[in-house]
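**Student:** The following block contains the structure, expressed as structure tokens.
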Amino acid sequence: MCSGNFAKCLGITLIPLAIICILCNILLFFPGGKVAESSDITDEVFYLGGILGSGVLMVFPALVFLGLKNNDCCGCCGNESCGKRFAMFGSILFAAAGAVGAAYSVIVSCVAINHGPKCFTTHLNGTSLNITYPFADGNYLSNRTMWDICDGPGDIITWHLTLFSILLIAGLVQIGLCAFQVINGLIGTICGDCCGCCGSS
């Protein structure tokens, strides 16, 4: 497969992943599917790992990858393929930027999963609710009985774990795809696009 075609496939894959990450981060602003005050939302949601890191920042490399196949810049310094080589080199830089954004999202997701959600807990007297972080160092992950500590909003723990896990997995996939493009870009930079330049085969 030509390096330009391969990059286009990567771009097509990155676009829906970026959209999924943006949607997950937006949904996290509604803990347990409920409208909440900003003080009731888990702090890591405001770091915007899904919106900025795996979302907006990933759109740019995806668009660059999509455009590589149709890139017709060629013919510089007497070398017909140097335009393609330069475009492939540029894609390496965008892939690296995308990988950094995805890594940021992965780190935020890991911290959020380990930290646990902010939720309502009942005071000892059983008369009032207090919004707090009832878990520490991921202890709730291996002890499901601790989930009863949270009284809402909604099924907050499942909501929190599901959405941040999706962000984590999507971020790891994005890092892998960007790493593939770095390798593909290096091959394209060194060897050129095997499909040639300016429509030639």
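Every chain in the structure tokens takes a letter, A first, then B, and so on in the order presented; its residues are numbered from 1, and the ligands are numbered from 1 following the presented order.
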Considering only C-alpha atoms, return as an NGL selection string whatever protein or nucleic-acid residues lie within 8 Å of stretch 93-105 of chain A, sequence-local ones (same chain, fewer than 3 positions apart) excluded.
**Tutor:** :A and (48-50 or 52-54 or 57-58 or 60-61 or 64 or 89-90 or 108-109 or 167-168 or 171-172 or 174-175 or 178-179 or 181-182)
**Student:** Write out as a VMD selection string which residues come within 12 Å of A:Ala136 when counting only C-alpha atoms, dropping same-chain ones fewer than 5 positions away.
**Tutor:** chain A and resid 111 to 118 141 to 143 146
**Student:** For the selection you just gave me, I'd like the residues written to a file as a compact mmCIF listing (two decimals), in the first residue's frame, keeping all heavy atoms.
**Tutor:**
```
# COMPACT_ATOMS: atom_id res chain seq x y z
N VAL A 111 -5.71 9.20 35.79
CA VAL A 111 -5.82 9.90 37.07
C VAL A 111 -7.26 9.92 37.55
O VAL A 111 -7.55 9.67 38.73
CB VAL A 111 -5.27 11.34 36.95
CG1 VAL A 111 -5.58 12.15 38.20
CG2 VAL A 111 -3.77 11.32 36.69
N ALA A 112 -8.20 10.18 36.63
CA ALA A 112 -9.61 10.25 37.00
C ALA A 112 -10.13 8.89 37.47
O ALA A 112 -10.87 8.80 38.45
CB ALA A 112 -10.43 10.74 35.80
N ILE A 113 -9.74 7.83 36.77
CA ILE A 113 -10.19 6.49 37.16
C ILE A 113 -9.61 6.11 38.53
O ILE A 113 -10.30 5.56 39.38
CB ILE A 113 -9.79 5.46 36.08
CG1 ILE A 113 -10.61 5.69 34.82
CG2 ILE A 113 -9.98 4.04 36.60
CD1 ILE A 113 -10.17 4.86 33.63
N ASN A 114 -8.35 6.44 38.75
CA ASN A 114 -7.72 6.14 40.03
C ASN A 114 -8.32 6.97 41.16
O ASN A 114 -8.53 6.47 42.27
CB ASN A 114 -6.22 6.37 39.94
CG ASN A 114 -5.49 5.99 41.21
OD1 ASN A 114 -5.47 4.83 41.60
ND2 ASN A 114 -4.91 6.98 41.88
N HIS A 115 -8.61 8.23 40.85
CA HIS A 115 -9.14 9.15 41.86
C HIS A 115 -10.57 8.83 42.23
O HIS A 115 -11.00 9.04 43.37
CB HIS A 115 -9.02 10.58 41.32
CG HIS A 115 -9.06 11.63 42.37
ND1 HIS A 115 -9.24 12.96 42.07
CD2 HIS A 115 -8.97 11.56 43.71
CE1 HIS A 115 -9.25 13.66 43.19
NE2 HIS A 115 -9.09 12.84 44.19
N GLY A 116 -11.33 8.34 41.25
CA GLY A 116 -12.74 8.06 41.48
C GLY A 116 -13.59 9.30 41.28
O GLY A 116 -13.09 10.42 41.21
N PRO A 117 -14.90 9.12 41.20
CA PRO A 117 -15.79 10.26 40.96
C PRO A 117 -16.08 11.07 42.22
O PRO A 117 -15.96 10.56 43.33
CB PRO A 117 -17.06 9.59 40.45
CG PRO A 117 -17.07 8.27 41.17
CD PRO A 117 -15.63 7.85 41.28
N LYS A 118 -16.47 12.28 42.00
CA LYS A 118 -17.00 13.11 43.09
C LYS A 118 -18.49 12.77 43.18
O LYS A 118 -19.19 12.78 42.16
CB LYS A 118 -16.81 14.59 42.76
CG LYS A 118 -17.25 15.53 43.87
CD LYS A 118 -17.14 16.98 43.42
CE LYS A 118 -15.70 17.47 43.38
NZ LYS A 118 -15.62 18.94 43.11
N LEU A 141 -12.05 0.21 42.82
CA LEU A 141 -12.03 -0.60 41.60
C LEU A 141 -12.08 -2.09 41.91
O LEU A 141 -12.68 -2.88 41.16
CB LEU A 141 -10.79 -0.28 40.77
CG LEU A 141 -10.73 1.14 40.20
CD1 LEU A 141 -9.38 1.39 39.55
CD2 LEU A 141 -11.86 1.37 39.20
N SER A 142 -11.46 -2.50 42.98
CA SER A 142 -11.42 -3.91 43.33
C SER A 142 -12.41 -4.27 44.44
O SER A 142 -12.49 -5.42 44.85
CB SER A 142 -10.00 -4.30 43.78
OG SER A 142 -9.60 -3.52 44.89
N ASN A 143 -13.16 -3.28 44.91
CA ASN A 143 -14.11 -3.53 46.00
C ASN A 143 -15.44 -2.86 45.66
O ASN A 143 -15.69 -1.71 46.01
CB ASN A 143 -13.55 -2.99 47.32
CG ASN A 143 -14.43 -3.34 48.50
OD1 ASN A 143 -15.44 -4.03 48.37
ND2 ASN A 143 -14.05 -2.85 49.67
N MET A 146 -17.87 -0.90 48.04
CA MET A 146 -17.62 0.50 48.41
C MET A 146 -18.49 1.45 47.59
O MET A 146 -18.66 2.61 47.96
CB MET A 146 -16.14 0.85 48.21
CG MET A 146 -15.19 0.12 49.13
SD MET A 146 -13.49 0.69 48.92
CE MET A 146 -13.62 2.37 49.53
```
**Student:** Between atom CA of A:Ile149 and atom CA of A:Val45, what is the distance in Å, rounded to a tenth?
**Tutor:**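 Distance between the two atoms: 21.2 Å.
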**Student:** Contacts of A:Gly33 at 8 Å or less, counting only C-alpha atoms, minus same-chain residues fewer than 5 places along, as a ChimeraX atom specification?
**Tutor:** /A:27,153-154,159
**Student:** Take the residues from that selection and put them in a file with N, CA and C atoms, as a compact mmCIF listing (two decimals), in the first residue's frame.
**Tutor:**
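Printed below is selection.txt as written:
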```txt
# COMPACT_ATOMS: atom_id res chain seq x y z
N LEU A 27 -20.29 14.47 27.91
CA LEU A 27 -21.21 13.72 28.78
C LEU A 27 -20.73 13.71 30.23
N PRO A 153 -24.84 11.79 42.04
CA PRO A 153 -26.05 11.84 41.20
C PRO A 153 -26.14 10.66 40.24
N GLY A 154 -27.31 10.06 40.13
CA GLY A 154 -27.52 8.92 39.26
C GLY A 154 -26.58 7.77 39.62
N TRP A 159 -21.08 5.58 35.39
CA TRP A 159 -20.97 6.67 34.41
C TRP A 159 -19.51 7.13 34.30
```
**Student:** Using the chain letters and numbers from this document, which residues of stretch 75-190 of chain A does DSSP assign to helix (DSSP H, G or I), as a ChimeraX atom specification?
**Tutor:** /A:82-115,144-149,156-190
**Student:** Mind giving me the straight-line distance from atom CA of A:Ser91 to atom CA of A:Lys8 in Å, one decimal?
**Tutor:**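 Those two atoms sit 11.2 Å apart.
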**Student:** Rank A:Cys150, A:Ile166, A:Cys9, A:Leu186 by their smallest atom-to-atom distance to A:Gly32, using only C-alpha atoms, and report the top residue only.
**Tutor:**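 Ranked by minimum distance to A:Gly32, first place goes to A:Cys150.
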**Student:** Between atom CA of A:Gly176 and atom CA of A:Phe29, measure the distance and give it in Å to one decimal.
**Tutor:**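 Rounded to one decimal, the two atoms are 27.6 Å apart.
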**Student:** Tell me, as a list in words, which residues lie within 10 Å of A:Trp147, counting only C-alpha atoms; anything in the same chain fewer than 5 positions away does not count.
**Tutor:**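 Everything that qualifies: Pro134, Phe135, Tyr140, Leu141, Asp155, Ile156, Ile157 and Thr158 of chain A.
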**Student:** Convert the current residue selection to file output with all heavy atoms, as a tab-separated table (two decimals), in the first residue's frame.
**Tutor:**
```
chain	number	residue	atom	x	y	z
A	134	PRO	N	-15.08	10.17	47.88
A	134	PRO	CA	-15.06	9.17	48.95
A	134	PRO	C	-14.00	8.08	48.77
A	134	PRO	O	-13.75	7.30	49.69
A	134	PRO	CB	-16.46	8.55	48.87
A	134	PRO	CG	-16.82	8.67	47.42
A	134	PRO	CD	-16.18	9.95	46.94
A	135	PHE	N	-13.37	8.03	47.59
A	135	PHE	CA	-12.41	6.96	47.32
A	135	PHE	C	-10.99	7.50	47.26
A	135	PHE	O	-10.78	8.69	47.08
A	135	PHE	CB	-12.75	6.26	46.01
A	135	PHE	CG	-14.19	5.84	45.91
A	135	PHE	CD1	-15.03	6.38	44.94
A	135	PHE	CD2	-14.71	4.91	46.79
A	135	PHE	CE1	-16.35	6.00	44.85
A	135	PHE	CE2	-16.04	4.52	46.70
A	135	PHE	CZ	-16.86	5.07	45.73
A	140	TYR	N	-11.74	1.58	45.14
A	140	TYR	CA	-13.10	1.17	44.80
A	140	TYR	C	-13.14	0.25	43.59
A	140	TYR	O	-14.14	-0.44	43.35
A	140	TYR	CB	-13.96	2.41	44.52
A	140	TYR	CG	-13.62	3.12	43.23
A	140	TYR	CD1	-14.42	2.97	42.10
A	140	TYR	CD2	-12.51	3.94	43.13
A	140	TYR	CE1	-14.12	3.61	40.92
A	140	TYR	CE2	-12.19	4.58	41.96
A	140	TYR	CZ	-13.00	4.42	40.85
A	140	TYR	OH	-12.68	5.06	39.68
A	141	LEU	N	-12.05	0.21	42.82
A	141	LEU	CA	-12.03	-0.60	41.60
A	141	LEU	C	-12.08	-2.09	41.91
A	141	LEU	O	-12.68	-2.88	41.16
A	141	LEU	CB	-10.79	-0.28	40.77
A	141	LEU	CG	-10.73	1.14	40.20
A	141	LEU	CD1	-9.38	1.39	39.55
A	141	LEU	CD2	-11.86	1.37	39.20
A	155	ASP	N	-26.26	6.97	38.62
A	155	ASP	CA	-25.31	5.88	38.81
A	155	ASP	C	-23.92	6.42	38.47
A	155	ASP	O	-23.32	6.05	37.46
A	155	ASP	CB	-25.70	4.69	37.92
A	155	ASP	CG	-24.94	3.42	38.29
A	155	ASP	OD1	-24.14	3.48	39.25
A	155	ASP	OD2	-25.13	2.41	37.62
A	156	ILE	N	-23.42	7.31	39.30
A	156	ILE	CA	-22.24	8.10	38.99
A	156	ILE	C	-20.97	7.26	38.79
A	156	ILE	O	-20.15	7.57	37.93
A	156	ILE	CB	-22.00	9.18	40.09
A	156	ILE	CG1	-20.79	10.07	39.74
A	156	ILE	CG2	-21.84	8.53	41.45
A	156	ILE	CD1	-20.94	10.83	38.46
A	157	ILE	N	-20.81	6.20	39.54
A	157	ILE	CA	-19.57	5.42	39.44
A	157	ILE	C	-19.49	4.72	38.09
A	157	ILE	O	-18.45	4.76	37.41
A	157	ILE	CB	-19.45	4.42	40.59
A	157	ILE	CG1	-19.44	5.16	41.93
A	157	ILE	CG2	-18.19	3.57	40.44
A	157	ILE	CD1	-19.35	4.27	43.14
A	158	THR	N	-20.58	4.08	37.68
A	158	THR	CA	-20.60	3.42	36.37
A	158	THR	C	-20.41	4.44	35.25
A	158	THR	O	-19.68	4.21	34.28
A	158	THR	CB	-21.94	2.67	36.17
A	158	THR	OG1	-22.09	1.72	37.21
A	158	THR	CG2	-21.96	1.97	34.83
```
**Student:** Which parts of stretch 75-191 of chain A does DSSP call strand (DSSP E) when run on the backbone here, written out as a PyMOL selection string?
**Tutor:** chain A and resi 119-122+129-132
**Student:** With only C-alpha atoms as the atoms that count, which of A:Asn5, A:Thr122, A:Asn25, A:Thr132 lies nearest to A:Gly67?
**Tutor:**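 Using only C-alpha atoms, the shortest distance to A:Gly67 belongs to A:Asn5.
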